[in-house]
>>> print(open('final29.txt').read())   # compact mmCIF, C-alpha atoms
# COMPACT_ATOMS: atom_id res chain seq x y z
CA MET S 271 8.71 -4.33 6.35
CA LEU S 272 6.01 -3.24 3.97
CA GLU S 273 5.07 0.42 3.64
CA LYS S 274 1.97 1.28 1.64
CA ILE S 275 -0.17 4.36 1.15
CA PHE S 276 -3.94 3.95 0.93
CA GLU S 277 -6.19 6.58 -0.59
CA VAL S 278 -9.26 6.70 1.63
CA ARG S 279 -12.48 6.31 -0.33
CA TYR S 280 -15.69 8.15 0.50
CA ASP S 281 -17.48 4.91 1.38
CA GLU S 282 -14.87 4.34 4.13
CA LEU S 283 -15.84 7.47 6.06
CA ASP S 284 -18.21 7.74 9.00
CA PRO S 285 -21.13 10.23 9.10
CA HIS S 286 -18.72 12.97 10.28
CA GLY S 287 -16.30 12.48 7.38
CA HIS S 288 -13.74 10.67 9.53
CA ILE S 289 -11.83 7.52 8.60
CA SER S 290 -13.54 4.60 10.30
CA PRO S 291 -11.57 2.20 12.52
CA VAL S 292 -12.80 -0.72 10.41
CA SER S 293 -11.40 0.94 7.27
CA LEU S 294 -7.98 1.09 8.92
CA LEU S 295 -8.26 -2.59 9.86
CA ARG S 296 -9.09 -3.46 6.25
CA TYR S 297 -5.97 -1.58 5.12
CA PHE S 298 -3.95 -3.50 7.68
CA GLN S 299 -5.29 -6.81 6.43
CA GLU S 300 -4.43 -5.91 2.84
CA ALA S 301 -0.93 -4.75 3.78
CA ALA S 302 -0.35 -7.88 5.90
CA ALA S 303 -1.34 -10.06 2.94
CA LEU S 304 0.98 -8.16 0.60
CA ASP S 305 3.88 -8.39 3.04
CA ALA S 306 3.33 -12.12 3.61
CA GLN S 307 3.29 -12.58 -0.17
CA SER S 308 6.66 -10.87 -0.41
CA PHE S 309 8.29 -13.68 1.62
CA ALA S 310 6.30 -16.56 0.04
CA PHE S 311 3.66 -16.90 2.77
CA GLY S 312 0.84 -15.09 1.01
CA TRP S 313 -2.49 -16.74 0.24
CA GLU S 314 -1.41 -17.75 -3.27
CA ASN S 315 1.59 -19.60 -1.83
CA ILE S 316 0.09 -21.32 1.18
CA GLN S 317 -3.17 -22.35 -0.46
CA GLN S 318 -1.15 -24.70 -2.64
CA ASN S 319 -0.58 -26.68 0.59
CA ARG S 320 -4.26 -26.19 1.55
CA LEU S 321 -3.33 -23.77 4.35
CA GLY S 322 -4.82 -20.45 5.33
CA TRP S 323 -3.93 -17.68 7.77
CA VAL S 324 -6.36 -17.21 10.67
CA LEU S 325 -6.28 -14.20 12.98
CA THR S 326 -6.48 -15.29 16.63
CA HIS S 327 -6.44 -11.87 18.25
CA MET S 328 -5.49 -8.27 17.61
CA GLN S 329 -4.60 -5.35 19.78
CA VAL S 330 -5.08 -1.85 18.39
CA GLU S 331 -4.41 1.49 20.02
CA PHE S 332 -5.99 4.48 18.27
CA LEU S 333 -3.83 7.49 19.10
CA GLN S 334 -5.84 9.97 17.05
CA THR S 335 -9.56 9.88 16.45
CA ASN S 336 -11.75 11.97 14.19
CA VAL S 337 -9.20 11.90 11.36
CA LYS S 338 -10.54 13.59 8.25
CA ARG S 339 -10.31 12.01 4.80
CA GLN S 340 -6.68 11.91 3.65
CA PRO S 341 -4.16 9.35 2.39
CA VAL S 342 -2.86 7.10 5.16
CA GLN S 343 0.37 5.14 5.25
CA ILE S 344 0.65 1.76 6.89
CA ARG S 345 3.85 0.05 7.97
CA THR S 346 3.67 -3.62 8.87
CA TRP S 347 6.16 -6.39 9.48
CA HIS S 348 6.47 -9.99 10.61
CA ALA S 349 7.71 -9.65 14.20
CA PHE S 350 8.28 -13.36 14.92
CA SER S 351 6.82 -16.85 14.68
CA GLU S 352 6.83 -19.65 17.21
CA LYS S 353 5.44 -23.19 17.28
CA ILE S 354 1.94 -22.22 16.11
CA LEU S 355 1.57 -18.43 16.48
CA SER S 356 3.01 -15.63 14.38
CA ARG S 357 3.00 -12.01 15.51
CA ARG S 358 2.72 -9.04 13.15
CA GLU S 359 3.18 -5.37 14.07
CA PHE S 360 1.58 -2.41 12.31
CA GLU S 361 1.20 1.34 12.50
CA PHE S 362 -0.76 3.94 10.57
CA LEU S 363 0.60 7.39 9.81
CA THR S 364 -0.90 10.58 8.38
CA GLU S 365 0.62 12.38 5.39
CA ASP S 366 2.69 14.53 7.77
CA GLY S 367 4.02 11.49 9.67
CA ALA S 368 1.82 11.65 12.78
CA THR S 369 0.84 8.24 14.17
CA LEU S 370 -2.89 7.48 13.92
CA ALA S 371 -2.90 3.96 15.32
CA ARG S 372 -0.57 1.11 16.13
CA GLY S 373 -0.90 -2.43 17.24
CA ALA S 374 -0.10 -6.08 16.91
CA SER S 375 -1.89 -9.14 15.62
CA TRP S 376 -1.43 -12.85 16.22
CA TRP S 377 -2.00 -15.39 13.46
CA LEU S 378 -1.86 -19.14 12.98
CA LEU S 379 -1.85 -21.42 9.97
CA MET S 380 -4.82 -23.70 9.53
CA ASP S 381 -5.29 -26.76 7.35
CA VAL S 382 -8.40 -25.63 5.45
CA ASP S 383 -9.52 -29.19 4.63
CA LYS S 384 -9.15 -30.67 8.12
CA ARG S 385 -10.02 -27.37 9.84
CA ARG S 386 -7.08 -27.89 12.20
CA ILE S 387 -4.22 -25.71 13.34
CA THR S 388 -0.85 -26.63 11.88
CA LYS S 389 2.65 -25.99 13.18
CA SER S 390 4.64 -23.11 11.76
CA PRO S 391 6.85 -24.50 8.98
CA PRO S 392 10.64 -24.23 9.38
CA GLU S 393 10.77 -21.73 6.47
CA LEU S 394 8.55 -19.35 8.45
CA LEU S 395 10.52 -19.80 11.67
CA ALA S 396 13.70 -19.03 9.72
CA LEU S 397 12.32 -15.52 9.05
CA ASN S 398 12.43 -14.59 12.73
CA PRO S 399 14.58 -11.51 13.31
CA ALA S 400 17.41 -11.70 15.84
CA GLU S 401 15.64 -9.02 17.90
CA PRO S 402 11.89 -8.59 17.30
CA ASN S 403 10.58 -5.04 17.00
CA PHE S 404 7.38 -4.72 19.07
CA LEU S 405 5.26 -1.56 19.06
CA VAL S 406 2.94 -2.55 21.88
CA GLN S 407 3.15 -4.77 24.93
CA GLU S 408 0.82 -7.75 24.70
CA GLU S 409 -2.34 -7.38 26.76
CA ASN S 410 -3.69 -10.17 28.95
CA PHE S 411 -6.86 -11.06 27.07
CA LYS S 412 -7.96 -13.56 29.73
CA ARG S 413 -7.93 -11.13 32.62
CA THR S 414 -11.03 -10.68 34.77
CA PRO S 415 -13.07 -7.61 33.74
CA ALA S 416 -12.81 -4.59 36.02
CA ALA S 417 -15.39 -4.40 38.82
CA ASP S 418 -16.93 -1.29 37.23
CA ALA S 419 -17.07 -2.77 33.72
CA VAL S 420 -20.42 -2.22 32.06
CA SER S 421 -22.17 -5.34 30.80
CA LEU S 422 -23.90 -4.77 27.48
CA PRO S 423 -26.77 -6.85 26.13
CA ALA S 424 -26.01 -9.34 23.37
CA VAL S 425 -26.84 -8.52 19.78
CA LEU S 426 -27.84 -11.20 17.31
CA ILE S 427 -25.90 -10.85 14.04
CA THR S 428 -26.59 -13.00 11.01
CA THR S 429 -23.57 -13.90 8.91
CA ARG S 430 -23.98 -12.98 5.25
CA ARG S 431 -22.15 -14.50 2.29
CA GLU S 432 -20.25 -11.25 1.80
CA ASP S 433 -18.83 -11.62 5.34
CA LEU S 434 -16.88 -14.75 4.33
CA ASP S 435 -13.25 -14.66 3.23
CA LEU S 436 -11.02 -16.89 1.10
CA ASN S 437 -10.94 -19.53 3.86
CA GLY S 438 -14.74 -19.66 4.15
CA HIS S 439 -14.60 -17.93 7.56
CA VAL S 440 -16.10 -14.65 8.66
CA ASN S 441 -13.38 -12.13 7.86
CA ASN S 442 -11.76 -10.58 10.94
CA THR S 443 -12.67 -7.05 9.83
CA HIS S 444 -16.35 -8.01 10.01
CA TYR S 445 -15.91 -9.24 13.58
CA ALA S 446 -14.37 -5.88 14.45
CA ALA S 447 -17.28 -4.03 12.83
CA TRP S 448 -19.74 -6.17 14.78
CA ALA S 449 -17.91 -5.52 18.06
CA LEU S 450 -17.92 -1.78 17.42
CA GLU S 451 -21.70 -1.86 17.17
CA LYS S 452 -21.73 -2.34 20.95
CA CYS S 453 -19.13 0.35 21.73
CA PRO S 454 -19.88 3.96 22.61
CA ARG S 455 -19.84 6.42 19.74
CA ARG S 456 -16.51 6.71 17.91
CA GLU S 457 -15.66 9.99 19.65
CA ASN S 458 -15.21 8.02 22.88
CA ILE S 459 -13.11 5.18 21.47
CA THR S 460 -9.41 5.34 22.21
CA LYS S 461 -8.53 1.67 22.50
CA ILE S 462 -10.09 -1.37 20.94
CA ILE S 463 -9.12 -4.91 21.73
CA ASN S 464 -10.41 -7.59 19.35
>>> encode(input="final29.txt", output="structure tokens")
Amino acid sequence: MLEKIFEVRYDELDPHGHISPVSLLRYFQEAAALDAQSFAFGWENIQQNRLGWVLTHMQVEFLQTNVKRQPVQIRTWHAFSEKILSRREFEFLTEDGATLARGASWWLLMDVDKRRITKSPPELLALNPAEPNFLVQEENFKRTPAADAVSLPAVLITTRREDLDLNGHVNNTHYAAWALEKCPRRENITKIIN
């Protein structure tokens, strides 16, 4: 498990002085990369084999909204890996230990030259704990939308060079920011599924 404190910068605040959800997701991504590096599956390690981590989906539950600027602590850990997917858990805490958000993310390894998914290597599977520690139950992302679900019009977004990550893909935090453009104002957001 990796535990890291992030000092929130002023450019990571919304117009009300609150920590933005996308800022928290960027902290998670950084912490996930640092934790993966600690067990030899960080970018520097896997790129030698021309592999890269790709986020397939993420589930985040925001338990507190409108959090003012303050240091935040993230805890994240590799929950388990299977044939092609790896699951990672994470939670954010305030200085006094209150939980801001928690969630899970699912990742796969991709051959960056062939642009194909690869199987999880035995060394990664060997890291599986005897009993995984899950913070949230996995949602069914393929379920039919509720009958009263509001359909929102599409928005055209042009990918910029700064949106691309080390793998040459749009970084997952940019996708989250784009999705939030269509959500109600932050004050109404309690759960985001990416």
>>> closest_residue(input="final29.txt", among="S:Thr414, S:Ser356, S:Gln329, S:Gln299", to="Ile344 of chain S", atoms="all atoms listed in the file")
S:Gln299
>>> closest_atom_pairs(input="final29.txt", of="segment 319-384 of chain S", to="segment 401-405 of chain S", cutoff="12 Å", atoms="all atoms listed in the file", output="tab-separated table")
residue	atom	partner	partner_atom	distance
S:Gln329	CA	S:Leu405	CA	10.6
S:Val330	CA	S:Leu405	CA	10.4
S:Glu331	CA	S:Leu405	CA	10.2
S:Arg345	CA	S:Leu405	CA	11.3
S:Thr346	CA	S:Leu405	CA	10.5
S:Trp347	CA	S:Asn403	CA	8.8
S:His348	CA	S:Pro402	CA	8.7
S:Ala349	CA	S:Pro402	CA	5.3
S:Phe350	CA	S:Pro402	CA	6.4
S:Ser351	CA	S:Pro402	CA	10.0
S:Ser356	CA	S:Pro402	CA	11.7
S:Arg357	CA	S:Phe404	CA	9.2
S:Arg358	CA	S:Phe404	CA	8.7
S:Glu359	CA	S:Phe404	CA	6.6
S:Phe360	CA	S:Leu405	CA	7.7
S:Glu361	CA	S:Leu405	CA	8.2
S:Phe362	CA	S:Leu405	CA	11.8
S:Thr369	CA	S:Leu405	CA	11.8
S:Ala371	CA	S:Leu405	CA	10.5
S:Arg372	CA	S:Leu405	CA	7.1
S:Gly373	CA	S:Leu405	CA	6.5
S:Ala374	CA	S:Leu405	CA	7.3
S:Ser375	CA	S:Phe404	CA	10.8
>>> closest_atom_pairs(input="final29.txt", of="segment 311-402 of chain S", to="segment 280-291 of chain S", cutoff="7 Å", atoms="only C-alpha atoms", output="tab-separated table")
residue	atom	partner	partner_atom	distance
S:Asn336	CA	S:His288	CA	5.2
S:Val337	CA	S:His288	CA	5.0
S:Lys338	CA	S:His288	CA	4.5
S:Arg339	CA	S:His288	CA	6.0
>>> closest_residue(input="final29.txt", among="S:Glu432, S:Leu395, S:Leu333, S:Val382", to="Leu370 of chain S", atoms="only C-alpha atoms")
S:Leu333
>>> atom_distance(input="final29.txt", atom1="atom CA of His439 of chain S", atom2="atom CA of Ala302 of chain S")
17.5 Å
>>> closest_residue(input="final29.txt", among="S:Asp305, S:Glu365, S:Asp381, S:Glu300", to="Thr443 of chain S", atoms="only C-alpha atoms")
S:Glu300
>>> atom_distance(input="final29.txt", atom1="atom CA of Val292 of chain S", atom2="atom CA of Ala447 of chain S")
6.1 Å
>>> closest_residue(input="final29.txt", among="S:Asn319, S:Ala306, S:Gln343, S:Ser293", to="Glu273 of chain S", atoms="only C-alpha atoms")
S:Gln343
>>> atom_distance(input="final29.txt", atom1="atom CA of Phe298 of chain S", atom2="atom CA of Phe332 of chain S")
13.4 Å
>>> closest_residue(input="final29.txt", among="S:Gln340, S:Asn441, S:Asn398, S:Thr429", to="Phe276 of chain S", atoms="only C-alpha atoms")
S:Gln340
>>> closest_residue(input="final29.txt", among="S:Asp366, S:Leu325, S:Pro391, S:Ile275", to="Phe311 of chain S", atoms="only C-alpha atoms")
S:Pro391
>>> residues_around(input="final29.txt", residues="Leu321 of chain S", least_positions_apart="4", cutoff="9 Å", atoms="all atoms listed in the file", output="list in words")
Trp313, Asn315, Ile316, Gln317, Leu379, Met380, Asp381, Val382, Asp383, Thr388 and Asn437 of chain S
>>> decode(input="final29.txt", residues="segment 373-459 of chain S", atoms="C-alpha atoms", output="short mmCIF file (atom, residue, chain, number, x, y, z; two decimals), in the first residue's frame")
data_model
loop_
_atom_site.label_atom_id
_atom_site.label_comp_id
_atom_site.auth_asym_id
_atom_site.auth_seq_id
_atom_site.Cartn_x
_atom_site.Cartn_y
_atom_site.Cartn_z
CA GLY S 373 -13.06 3.84 -5.39
CA ALA S 374 -11.53 1.23 -7.60
CA SER S 375 -9.94 1.18 -11.01
CA TRP S 376 -9.33 -1.58 -13.54
CA TRP S 377 -6.21 -1.65 -15.70
CA LEU S 378 -4.68 -3.79 -18.40
CA LEU S 379 -1.25 -4.02 -19.97
CA MET S 380 -0.96 -3.10 -23.62
CA ASP S 381 1.79 -3.76 -26.13
CA VAL S 382 2.44 -0.16 -27.23
CA ASP S 383 3.90 -1.17 -30.61
CA LYS S 384 1.18 -3.64 -31.64
CA ARG S 385 -1.56 -1.70 -29.81
CA ARG S 386 -2.84 -4.99 -28.39
CA ILE S 387 -3.78 -6.16 -24.92
CA THR S 388 -1.29 -8.55 -23.34
CA LYS S 389 -1.78 -11.15 -20.62
CA SER S 390 -0.77 -10.31 -17.08
CA PRO S 391 2.76 -11.65 -16.55
CA PRO S 392 3.29 -14.34 -13.88
CA GLU S 393 5.31 -11.84 -11.77
CA LEU S 394 2.24 -9.60 -11.53
CA LEU S 395 -0.10 -12.49 -10.73
CA ALA S 396 2.30 -13.55 -7.97
CA LEU S 397 1.58 -10.23 -6.20
CA ASN S 398 -2.05 -11.14 -5.60
CA PRO S 399 -2.90 -11.06 -1.90
CA ALA S 400 -4.47 -14.14 -0.30
CA GLU S 401 -7.58 -12.07 0.47
CA PRO S 402 -8.11 -8.93 -1.65
CA ASN S 403 -9.17 -5.77 0.19
CA PHE S 404 -12.00 -4.09 -1.77
CA LEU S 405 -13.41 -0.70 -0.77
CA VAL S 406 -16.34 -0.71 -3.18
CA GLN S 407 -18.48 -3.33 -4.86
CA GLU S 408 -18.03 -3.36 -8.62
CA GLU S 409 -20.85 -1.67 -10.51
CA ASN S 410 -22.44 -3.20 -13.60
CA PHE S 411 -21.26 -0.77 -16.26
CA LYS S 412 -23.30 -2.47 -18.99
CA ARG S 413 -26.65 -2.14 -17.27
CA THR S 414 -29.55 -0.48 -19.07
CA PRO S 415 -29.99 3.17 -18.05
CA ALA S 416 -32.89 3.92 -15.71
CA ALA S 417 -36.19 4.82 -17.38
CA ASP S 418 -35.99 8.36 -15.97
CA ALA S 419 -32.36 8.91 -17.02
CA VAL S 420 -31.84 12.24 -18.72
CA SER S 421 -30.25 12.10 -22.16
CA LEU S 422 -27.78 14.92 -22.71
CA PRO S 423 -26.68 16.23 -26.09
CA ALA S 424 -23.24 15.25 -27.34
CA VAL S 425 -20.36 17.69 -27.10
CA LEU S 426 -17.58 17.74 -29.66
CA ILE S 427 -14.16 17.81 -27.97
CA THR S 428 -10.93 18.16 -29.91
CA THR S 429 -7.95 16.28 -28.50
CA ARG S 430 -4.94 18.49 -27.90
CA ARG S 431 -1.31 17.41 -27.71
CA GLU S 432 -1.28 18.17 -23.99
CA ASP S 433 -4.08 15.61 -23.51
CA LEU S 434 -1.77 12.75 -24.54
CA ASP S 435 0.16 10.64 -22.04
CA LEU S 436 3.33 8.54 -22.15
CA ASN S 437 1.53 5.87 -24.23
CA GLY S 438 0.33 8.38 -26.83
CA HIS S 439 -3.28 8.02 -25.59
CA VAL S 440 -5.60 10.61 -24.15
CA ASN S 441 -4.87 10.49 -20.44
CA ASN S 442 -7.74 9.09 -18.35
CA THR S 443 -7.94 12.25 -16.23
CA HIS S 444 -8.78 14.24 -19.38
CA TYR S 445 -11.62 11.84 -20.19
CA ALA S 446 -12.98 12.42 -16.69
CA ALA S 447 -12.74 16.19 -17.12
CA TRP S 448 -14.57 15.94 -20.44
CA ALA S 449 -17.32 13.77 -18.90
CA LEU S 450 -17.78 16.25 -16.05
CA GLU S 451 -18.50 18.99 -18.59
CA LYS S 452 -21.86 17.29 -19.15
CA CYS S 453 -22.68 16.75 -15.45
CA PRO S 454 -24.70 19.09 -13.27
CA ARG S 455 -22.72 21.61 -11.25
CA ARG S 456 -20.26 20.11 -8.76
CA GLU S 457 -22.57 20.79 -5.81
CA ASN S 458 -24.89 18.09 -7.16
CA ILE S 459 -22.25 15.44 -7.86
#
